[in-house]
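So this one's model-v9.cif, mmCIF, C-alpha atoms:
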```
data_entry
loop_
_atom_site.label_atom_id
_atom_site.label_comp_id
_atom_site.auth_asym_id
_atom_site.auth_seq_id
_atom_site.Cartn_x
_atom_site.Cartn_y
_atom_site.Cartn_z
CA MET A 1 -61.91 60.18 92.28
CA SER A 2 -59.52 58.67 94.80
CA THR A 3 -56.59 60.88 95.69
CA VAL A 4 -53.33 59.17 96.57
CA THR A 5 -50.48 61.09 98.13
CA THR A 6 -47.36 60.03 96.34
CA THR A 7 -44.06 61.36 95.12
CA ALA A 8 -44.30 59.48 91.86
CA THR A 9 -42.44 60.98 88.93
CA LEU A 10 -43.94 60.93 85.46
CA LEU A 11 -41.99 61.60 82.29
CA HIS A 12 -44.19 62.73 79.43
CA LEU A 13 -42.97 62.96 75.84
CA ASP A 14 -45.19 64.51 73.22
CA ALA A 15 -44.03 63.52 69.75
CA SER A 16 -46.58 65.39 67.66
CA PRO A 17 -45.27 68.23 65.51
CA ARG A 18 -48.72 69.80 65.71
CA GLY A 19 -50.16 72.05 68.39
CA ALA A 20 -53.78 72.32 69.42
CA ARG A 21 -54.92 70.34 66.40
CA SER A 22 -53.08 67.23 67.56
CA GLN A 23 -55.40 64.58 69.00
CA SER A 24 -52.53 62.74 70.67
CA ARG A 25 -51.39 65.98 72.29
CA ARG A 26 -54.87 66.62 73.67
CA LEU A 27 -55.15 63.08 75.00
CA GLY A 28 -51.79 63.53 76.71
CA GLU A 29 -52.98 66.76 78.31
CA GLN A 30 -56.09 64.98 79.51
CA PHE A 31 -53.98 62.18 81.01
CA LEU A 32 -51.72 64.69 82.77
CA ALA A 33 -54.63 66.67 84.23
CA GLU A 34 -56.19 63.52 85.63
CA TRP A 35 -52.85 62.19 86.85
CA ARG A 36 -51.99 65.45 88.62
CA ALA A 37 -55.37 65.45 90.34
CA ALA A 38 -54.81 61.89 91.52
CA HIS A 39 -51.17 62.51 92.51
CA PRO A 40 -51.04 65.96 94.14
CA ALA A 41 -47.47 65.38 95.31
CA GLY A 42 -46.40 63.84 92.01
CA ARG A 43 -43.82 65.36 89.71
CA VAL A 44 -44.30 65.71 85.96
CA ILE A 45 -41.58 66.35 83.42
CA THR A 46 -42.85 67.07 79.90
CA HIS A 47 -40.76 67.24 76.76
CA ASP A 48 -42.45 68.61 73.69
CA ILE A 49 -40.15 66.58 71.44
CA GLY A 50 -42.52 67.02 68.50
CA ARG A 51 -41.80 70.74 68.40
CA GLU A 52 -38.39 70.73 70.10
CA PRO A 53 -36.84 67.46 68.93
CA PRO A 54 -33.74 66.00 70.59
CA PRO A 55 -30.62 66.30 68.45
CA PHE A 56 -29.80 63.62 65.93
CA LEU A 57 -26.79 61.46 66.82
CA THR A 58 -23.45 62.74 65.59
CA GLU A 59 -19.95 61.35 65.39
CA ALA A 60 -19.17 63.39 68.52
CA TRP A 61 -22.07 61.66 70.31
CA VAL A 62 -20.69 58.25 69.39
CA GLU A 63 -17.31 59.32 70.75
CA GLY A 64 -18.97 60.55 73.95
CA ALA A 65 -20.86 57.31 74.41
CA PHE A 66 -17.95 54.95 73.82
CA ALA A 67 -14.58 56.68 74.40
CA PRO A 68 -13.11 56.97 77.93
CA ALA A 69 -14.14 60.30 79.46
CA ALA A 70 -10.55 61.52 79.81
CA GLU A 71 -9.96 61.13 76.08
CA GLN A 72 -13.09 62.88 74.87
CA SER A 73 -13.15 66.04 72.78
CA PRO A 74 -15.18 69.03 74.01
CA ALA A 75 -17.74 68.31 71.28
CA ALA A 76 -18.12 64.73 72.51
CA ARG A 77 -18.62 65.91 76.09
CA ASP A 78 -21.24 68.43 74.99
CA ALA A 79 -23.11 65.85 72.89
CA ILE A 80 -23.16 63.24 75.63
CA ALA A 81 -24.16 65.77 78.28
CA VAL A 82 -27.40 66.30 76.34
CA SER A 83 -27.92 62.55 76.20
CA ASN A 84 -27.17 62.23 79.93
CA ARG A 85 -29.94 64.68 80.77
CA TYR A 86 -32.47 62.64 78.79
CA VAL A 87 -31.21 59.44 80.42
CA ASP A 88 -31.26 60.93 83.95
CA GLU A 89 -34.87 62.02 83.50
CA LEU A 90 -35.90 58.60 82.24
CA LEU A 91 -34.14 56.76 85.06
CA ALA A 92 -35.74 59.07 87.66
CA ALA A 93 -39.25 58.43 86.33
CA ASP A 94 -41.65 55.83 87.67
CA GLN A 95 -43.86 56.13 84.65
CA LEU A 96 -43.26 57.07 81.04
CA VAL A 97 -46.11 58.46 78.94
CA ILE A 98 -45.53 58.95 75.23
CA THR A 99 -48.16 60.60 73.08
CA THR A 100 -47.59 60.24 69.36
CA PRO A 101 -49.31 60.29 66.00
CA ILE A 102 -48.64 57.62 63.39
CA HIS A 103 -46.70 59.12 60.49
CA ASN A 104 -46.06 56.79 57.59
CA LEU A 105 -46.82 53.56 59.47
CA SER A 106 -44.64 54.46 62.47
CA PHE A 107 -43.90 57.32 64.85
CA PRO A 108 -42.35 60.68 63.87
CA ALA A 109 -38.58 60.90 63.47
CA ALA A 110 -38.40 63.04 66.61
CA LEU A 111 -39.30 60.06 68.78
CA LYS A 112 -36.54 57.96 67.21
CA ALA A 113 -34.18 60.84 67.94
CA TRP A 114 -35.17 60.56 71.62
CA ILE A 115 -34.72 56.77 71.57
CA ASP A 116 -31.28 57.18 70.03
CA GLN A 117 -30.40 59.57 72.87
CA ILE A 118 -31.53 57.28 75.72
CA VAL A 119 -30.38 53.81 74.64
CA ARG A 120 -26.91 53.89 76.20
CA VAL A 121 -24.57 51.11 77.23
CA GLY A 122 -23.77 51.39 80.92
CA ARG A 123 -26.70 53.75 81.50
CA THR A 124 -29.90 52.11 80.26
CA PHE A 125 -28.56 48.69 79.29
CA ALA A 126 -25.61 46.52 80.25
CA MET A 127 -23.60 44.24 78.03
CA GLY A 128 -22.07 41.29 79.85
CA ALA A 129 -20.89 37.74 79.32
CA ALA A 130 -24.51 36.59 79.65
CA GLY A 131 -25.76 39.03 77.04
CA PHE A 132 -27.74 42.25 77.29
CA ASP A 133 -29.59 43.41 80.39
CA GLY A 134 -31.93 46.38 80.64
CA LEU A 135 -31.07 48.90 83.37
CA ALA A 136 -34.29 50.95 83.27
CA LYS A 137 -36.36 48.37 85.13
CA GLY A 138 -39.36 48.88 87.39
CA LYS A 139 -41.11 51.46 85.24
CA ARG A 140 -44.41 51.45 83.46
CA ALA A 141 -44.95 52.93 80.05
CA LEU A 142 -48.14 54.15 78.42
CA ILE A 143 -48.14 54.94 74.71
CA ILE A 144 -51.10 57.02 73.52
CA VAL A 145 -51.32 56.78 69.73
CA SER A 146 -53.51 58.78 67.38
CA SER A 147 -53.97 57.87 63.74
CA GLY A 148 -56.11 58.61 60.74
CA SER A 149 -56.70 54.93 60.03
CA ASP A 150 -57.15 51.94 62.33
CA PHE A 151 -53.76 50.40 63.08
CA ARG A 152 -54.73 48.45 66.20
CA PRO A 153 -53.12 45.01 66.44
CA GLY A 154 -55.60 42.37 65.35
CA THR A 155 -57.34 44.61 62.83
CA PRO A 156 -56.50 44.47 59.10
CA GLY A 157 -54.48 47.68 59.51
CA GLY A 158 -52.54 46.13 62.37
CA ALA A 159 -50.25 44.46 59.82
CA TYR A 160 -49.06 47.97 58.92
CA ASN A 161 -48.47 49.06 62.51
CA PHE A 162 -44.68 49.29 62.80
CA LEU A 163 -44.88 51.52 65.86
CA GLU A 164 -46.01 49.09 68.56
CA PRO A 165 -43.76 46.09 67.81
CA TYR A 166 -40.69 48.30 67.64
CA LEU A 167 -41.47 50.33 70.77
CA ARG A 168 -42.13 47.11 72.71
CA ALA A 169 -38.79 45.72 71.57
CA VAL A 170 -36.62 48.76 72.18
CA LEU A 171 -38.23 49.68 75.50
CA GLY A 172 -37.94 46.01 76.53
CA PHE A 173 -34.27 46.11 75.58
CA ILE A 174 -33.64 48.78 78.23
CA GLY A 175 -35.79 46.93 80.78
CA ILE A 176 -39.21 48.55 80.36
CA THR A 177 -41.52 45.59 79.80
CA ASP A 178 -44.76 46.89 81.31
CA VAL A 179 -45.97 48.80 78.24
CA GLN A 180 -49.58 49.61 77.44
CA PHE A 181 -50.94 51.12 74.21
CA VAL A 182 -54.09 53.19 73.77
CA TYR A 183 -55.22 53.90 70.22
CA ALA A 184 -57.30 56.90 69.20
CA HIS A 185 -57.81 55.58 65.68
CA SER A 186 -59.82 56.22 62.52
CA LEU A 187 -59.55 59.99 63.02
CA ASN A 188 -59.36 60.94 59.33
CA ALA A 189 -62.09 63.45 58.50
CA GLY A 190 -65.28 61.66 57.55
CA ASN A 191 -64.33 58.28 59.00
CA PRO A 192 -67.55 57.17 60.74
CA ALA A 193 -65.59 55.12 63.31
CA GLY A 194 -63.60 58.11 64.50
CA PRO A 195 -65.86 59.75 67.11
CA ALA A 196 -66.50 56.51 69.03
CA ALA A 197 -62.82 55.55 68.86
CA LEU A 198 -61.81 58.95 70.24
CA ALA A 199 -64.40 58.78 73.03
CA GLU A 200 -63.19 55.32 74.00
CA ALA A 201 -59.57 56.48 74.06
CA GLN A 202 -60.55 59.45 76.27
CA THR A 203 -62.32 57.15 78.72
CA THR A 204 -59.38 54.73 78.83
CA VAL A 205 -56.86 57.52 79.31
CA THR A 206 -58.85 58.90 82.24
CA GLN A 207 -59.14 55.49 83.87
CA LEU A 208 -55.44 54.80 83.44
CA ALA A 209 -54.44 58.19 84.88
CA ARG A 210 -56.56 57.62 87.98
CA ALA A 211 -55.31 54.07 88.44
CA ALA A 212 -51.66 54.89 87.74
CA MET B 1 -16.26 44.90 33.72
CA SER B 2 -18.92 45.66 31.15
CA THR B 3 -19.51 49.33 30.52
CA VAL B 4 -23.02 50.38 29.56
CA THR B 5 -23.76 53.85 28.27
CA THR B 6 -26.83 55.02 30.05
CA THR B 7 -28.39 58.12 31.46
CA ALA B 8 -29.60 56.33 34.56
CA THR B 9 -30.04 58.46 37.67
CA LEU B 10 -29.08 57.13 41.06
CA LEU B 11 -30.15 58.71 44.34
CA HIS B 12 -27.87 57.80 47.21
CA LEU B 13 -28.73 58.52 50.84
CA ASP B 14 -26.12 57.94 53.51
CA ALA B 15 -27.77 57.74 56.92
CA SER B 16 -24.68 57.20 59.07
CA PRO B 17 -23.79 60.01 61.47
CA ARG B 18 -20.20 58.85 61.29
CA GLY B 19 -17.54 59.73 58.76
CA ALA B 20 -14.66 57.54 57.64
CA ARG B 21 -15.25 55.09 60.48
CA SER B 22 -18.68 54.16 59.12
CA GLN B 23 -18.70 50.75 57.41
CA SER B 24 -22.02 51.47 55.69
CA ARG B 25 -20.62 54.75 54.37
CA ARG B 26 -17.57 52.97 52.93
CA LEU B 27 -19.72 50.29 51.32
CA GLY B 28 -21.82 53.03 49.75
CA GLU B 29 -18.71 54.71 48.37
CA GLN B 30 -17.61 51.38 46.94
CA PHE B 31 -20.99 50.89 45.29
CA LEU B 32 -20.91 54.40 43.80
CA ALA B 33 -17.38 54.00 42.42
CA GLU B 34 -18.33 50.75 40.71
CA TRP B 35 -21.64 52.14 39.50
CA ARG B 36 -20.02 55.24 38.03
CA ALA B 37 -17.47 53.09 36.21
CA ALA B 38 -20.27 50.97 34.76
CA HIS B 39 -22.48 53.97 33.94
CA PRO B 40 -20.19 56.71 32.60
CA ALA B 41 -23.18 58.80 31.50
CA GLY B 42 -25.10 58.13 34.70
CA ARG B 43 -26.04 60.80 37.19
CA VAL B 44 -25.56 60.42 40.94
CA ILE B 45 -27.21 62.53 43.61
CA THR B 46 -25.90 61.92 47.12
CA HIS B 47 -27.43 63.22 50.33
CA ASP B 48 -25.34 62.84 53.44
CA ILE B 49 -28.47 62.73 55.59
CA GLY B 50 -26.53 61.21 58.49
CA ARG B 51 -24.55 64.41 58.90
CA GLU B 52 -27.00 66.86 57.31
CA PRO B 53 -30.39 65.43 58.26
CA PRO B 54 -33.61 66.59 56.60
CA PRO B 55 -35.77 68.76 58.84
CA PHE B 56 -38.26 67.15 61.17
CA LEU B 57 -41.90 67.69 60.20
CA THR B 58 -43.54 70.78 61.64
CA GLU B 59 -47.07 72.12 61.82
CA ALA B 60 -46.15 74.38 58.89
CA TRP B 61 -45.14 71.30 56.88
CA VAL B 62 -48.50 69.67 57.58
CA GLU B 63 -50.22 72.85 56.39
CA GLY B 64 -48.05 72.88 53.27
CA ALA B 65 -48.85 69.26 52.48
CA PHE B 66 -52.61 69.45 52.98
CA ALA B 67 -53.90 73.04 52.64
CA PRO B 68 -54.68 74.54 49.20
CA ALA B 69 -51.60 76.39 47.88
CA ALA B 70 -53.39 79.75 47.74
CA GLU B 71 -54.22 79.57 51.46
CA GLN B 72 -50.77 78.62 52.70
CA SER B 73 -48.67 80.73 55.02
CA PRO B 74 -45.10 81.63 53.97
CA ALA B 75 -43.80 79.17 56.58
CA ALA B 76 -45.90 76.39 55.05
CA ARG B 77 -44.63 77.20 51.57
CA ASP B 78 -41.03 77.16 52.78
CA ALA B 79 -41.46 73.85 54.60
CA ILE B 80 -43.11 72.12 51.68
CA ALA B 81 -40.58 73.51 49.20
CA VAL B 82 -37.89 71.56 51.07
CA SER B 83 -40.04 68.44 50.91
CA ASN B 84 -40.69 69.02 47.19
CA ARG B 85 -36.97 69.01 46.47
CA TYR B 86 -36.55 65.64 48.19
CA VAL B 87 -39.60 64.28 46.36
CA ASP B 88 -38.46 65.60 42.96
CA GLU B 89 -35.07 63.91 43.38
CA LEU B 90 -36.66 60.62 44.34
CA LEU B 91 -39.12 60.70 41.43
CA ALA B 92 -36.29 61.50 38.99
CA ALA B 93 -34.20 58.55 40.15
CA ASP B 94 -34.15 55.13 38.53
CA GLN B 95 -32.41 53.61 41.50
CA LEU B 96 -32.34 54.42 45.19
CA VAL B 97 -29.36 53.35 47.29
CA ILE B 98 -29.58 53.81 51.05
CA THR B 99 -26.59 53.07 53.25
CA THR B 100 -27.38 52.88 56.94
CA PRO B 101 -26.17 51.50 60.24
CA ILE B 102 -28.57 49.80 62.65
CA HIS B 103 -29.06 51.98 65.71
CA ASN B 104 -31.19 50.47 68.44
CA LEU B 105 -32.77 47.74 66.29
CA SER B 106 -33.67 50.12 63.45
CA PHE B 107 -32.21 52.91 61.32
CA PRO B 108 -31.09 56.33 62.61
CA ALA B 109 -33.73 59.01 63.14
CA ALA B 110 -32.31 60.96 60.19
CA LEU B 111 -33.60 58.33 57.76
CA LYS B 112 -37.09 58.55 59.25
CA ALA B 113 -36.85 62.31 58.81
CA TRP B 114 -36.21 61.73 55.10
CA ILE B 115 -39.10 59.26 54.87
CA ASP B 116 -41.41 61.77 56.53
CA GLN B 117 -40.34 64.33 53.91
CA ILE B 118 -40.98 62.11 50.87
CA VAL B 119 -44.21 60.27 51.70
CA ARG B 120 -46.66 62.80 50.26
CA VAL B 121 -50.22 62.43 49.08
CA GLY B 122 -50.51 63.47 45.46
CA ARG B 123 -46.76 63.26 44.97
CA THR B 124 -45.55 59.78 45.98
CA PHE B 125 -48.88 58.12 46.73
CA ALA B 126 -52.48 58.62 45.69
CA MET B 127 -55.56 58.12 47.77
CA GLY B 128 -58.63 57.17 45.77
CA ALA B 129 -61.90 55.32 46.02
CA ALA B 130 -60.04 52.05 45.51
CA GLY B 131 -57.54 52.77 48.27
CA PHE B 132 -53.91 53.81 48.22
CA ASP B 133 -51.65 53.66 45.18
CA GLY B 134 -47.92 54.26 45.10
CA LEU B 135 -46.75 56.91 42.59
CA ALA B 136 -43.01 56.21 42.75
CA LYS B 137 -43.18 53.06 40.63
CA GLY B 138 -40.55 51.57 38.35
CA LYS B 139 -37.58 52.12 40.63
CA ARG B 140 -35.22 49.72 42.29
CA ALA B 141 -33.92 50.18 45.80
CA LEU B 142 -30.81 48.78 47.41
CA ILE B 143 -30.40 49.06 51.17
CA ILE B 144 -26.85 48.49 52.43
CA VAL B 145 -26.96 47.86 56.18
CA SER B 146 -24.06 47.65 58.62
CA SER B 147 -24.47 46.39 62.16
CA GLY B 148 -22.50 45.24 65.15
CA SER B 149 -24.58 42.08 65.54
CA ASP B 150 -26.20 39.79 63.00
CA PHE B 151 -29.71 41.01 62.23
CA ARG B 152 -30.21 39.18 58.95
CA PRO B 153 -33.73 37.77 58.48
CA GLY B 154 -33.71 34.07 59.28
CA THR B 155 -31.00 34.35 61.92
CA PRO B 156 -31.85 34.50 65.65
CA GLY B 157 -31.12 38.25 65.55
CA GLY B 158 -33.52 38.66 62.65
CA ALA B 159 -36.40 38.80 65.12
CA TYR B 160 -34.95 42.11 66.33
CA ASN B 161 -34.52 43.58 62.87
CA PHE B 162 -37.13 46.34 62.70
CA LEU B 163 -35.39 48.08 59.82
CA GLU B 164 -36.12 45.75 56.90
CA PRO B 165 -39.83 45.02 57.50
CA TYR B 166 -40.59 48.70 57.94
CA LEU B 167 -38.55 49.91 54.96
CA ARG B 168 -40.17 47.26 52.74
CA ALA B 169 -43.60 48.42 53.88
CA VAL B 170 -43.12 52.16 53.58
CA LEU B 171 -41.21 51.99 50.28
CA GLY B 172 -43.88 49.60 48.99
CA PHE B 173 -46.54 52.08 50.04
CA ILE B 174 -45.12 54.66 47.63
CA GLY B 175 -44.69 52.05 44.88
CA ILE B 176 -41.10 50.89 45.32
CA THR B 177 -41.42 47.12 45.58
CA ASP B 178 -38.11 45.98 44.06
CA VAL B 179 -36.04 46.32 47.24
CA GLN B 180 -32.86 44.40 47.99
CA PHE B 181 -30.95 44.34 51.29
CA VAL B 182 -27.22 43.69 51.79
CA TYR B 183 -26.04 43.14 55.36
CA ALA B 184 -22.50 43.85 56.54
CA HIS B 185 -23.14 42.27 59.93
CA SER B 186 -21.32 41.12 63.06
CA LEU B 187 -18.95 44.10 62.87
CA ASN B 188 -18.56 44.63 66.63
CA ALA B 189 -14.89 44.55 67.58
CA GLY B 190 -13.79 40.99 68.28
CA ASN B 191 -16.75 39.28 66.60
CA PRO B 192 -15.07 36.42 64.68
CA ALA B 193 -17.81 36.45 62.02
CA GLY B 194 -17.20 40.11 61.12
CA PRO B 195 -14.36 39.97 58.58
CA ALA B 196 -16.01 37.32 56.40
CA ALA B 197 -19.37 39.10 56.60
CA LEU B 198 -17.78 42.37 55.53
CA ALA B 199 -15.89 40.74 52.66
CA GLU B 200 -19.10 39.08 51.45
CA ALA B 201 -20.96 42.39 51.59
CA GLN B 202 -18.17 44.08 49.61
CA THR B 203 -18.35 41.39 46.93
CA THR B 204 -22.14 41.61 46.73
CA VAL B 205 -22.09 45.41 46.54
CA THR B 206 -19.58 45.30 43.66
CA GLN B 207 -21.63 42.73 41.76
CA LEU B 208 -24.83 44.71 42.24
CA ALA B 209 -23.25 47.96 41.10
CA ARG B 210 -21.97 46.36 37.92
CA ALA B 211 -25.28 44.64 37.21
CA ALA B 212 -27.42 47.67 38.09
#
```
Once more with this new file: its structure as structure tokens, please.
Amino acid sequence: MSTVTTTATLLHLDASPRGARSQSRRLGEQFLAEWRAAHPAGRVITHDIGREPPPFLTEAWVEGAFAPAAEQSPAARDAIAVSNRYVDELLAADQLVITTPIHNLSFPAALKAWIDQIVRVGRTFAMGAAGFDGLAKGKRALIIVSSGSDFRPGTPGGAYNFLEPYLRAVLGFIGITDVQFVYAHSLNAGNPAGPAALAEAQTTVTQLARAA
Amino acid sequence: MSTVTTTATLLHLDASPRGARSQSRRLGEQFLAEWRAAHPAGRVITHDIGREPPPFLTEAWVEGAFAPAAEQSPAARDAIAVSNRYVDELLAADQLVITTPIHNLSFPAALKAWIDQIVRVGRTFAMGAAGFDGLAKGKRALIIVSSGSDFRPGTPGGAYNFLEPYLRAVLGFIGITDVQFVYAHSLNAGNPAGPAALAEAQTTVTQLARAA
């Protein structure tokens, strides 16, 4: 394995509500172990949003995001301070790694709660005369997805994959356009395609961590 | 207005985190007022999920949904009891009305939290040799959407509407295929199309409530 000295910063979000039984969680841990080995000076921030989800948006949050700072209530300042921490971490990262299961044809609600915290006018996107412009440019994103069925684009189940098109759109909206997906699919008990799909995902995750 | 005596049950979910300033919330209130007038014997259940969101899924929830009842931990029983209440309400309803803003090209996380609570094997869908089958059949759904821009299908912004395709798919998965969308669009301050769009949505909502 090649070892590159770097001060790269990686932000890792784990959206699974499950612990050791989560395949996406284990794949994320594998990615991080390989990435740390390849980037001994690198910095990793992990948020276990599956088990400690970001807060849902509130009316105070909306006030904090849109009202002038001097006019904000204490509740608005508190709500937006939480959002600011998520935004600061994202903006400081060179790479974003999200590990997530597919729940009901998309990702768990906790990941949408994170998205709702980090899509912010003036922080992660700008609104000007020429339209919208993403402010979180120059980052790469890797989305490691585990699922009971096969939802890979191009397969019959791909028509029911509402995770990838949406994540590409909303990450693109804030300027993150270099987005790669890895699917550990067909993991339902008894699915004969599962073991090979998991092994392939493990190999890909290792390669990506070393090349990152 | 025609008045029909009926014992219809309507389940209303309001996904906006905002109070009186929410246009979707106000349109929902208008729909309910008209519906109640047209259905004096009808029953309405409202969940303000925008301000009191359903819990995120947890590992205990997964245990409660999939492990045999006799083997479940107290935490699993508690988690799935919450889900059962949401499911029971949905199954008892003849009509589902969801009012929601568009946040970041889709609906707020709170609505996904509700979806994750109500999509349940053996309760709202069945899994058999012939594939999946929705168990929440025979209901109508109305989705009242408010948004700052125009995300209606068929418009340029429709390509960024990740709310309607997903809701159609996941509601269809549990057997709800009669789904209608009303868009109060272009509501950003200063958008010249906003007032007419809002007026049209108000008219449509009134007509639908009376015809429901």
Mind listing as an MDAnalysis selection string which residues of chain A are within 6 Å of chain B, counting all atoms listed in the file? chainID A and resid 17:18 58:59 109 112:113
Would you mind reading off the distance between CA of Asp94 (chain A) and CA of His39 (chain A), one decimal, in Å? 12.6 Å
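CA of Asn188 (chain B) sits 14.1 Å away from CA of Gly128 (chain A).
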Between CA of Asp88 (chain A) and CA of Lys139 (chain A) lies a distance of 13.7 Å
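All residues of protein, DNA or RNA that reach within 10 Å of Leu198 (chain B), judged by only C-alpha atoms and not counting those fewer than 3 positions away in the chain, are Gln23, Leu27, Ser146, Tyr183, Ala184, His185, Ser186, Leu187, Ala193, Gly194, Pro195, Ala201, Gln202, Thr203 and Thr204 of chain B.
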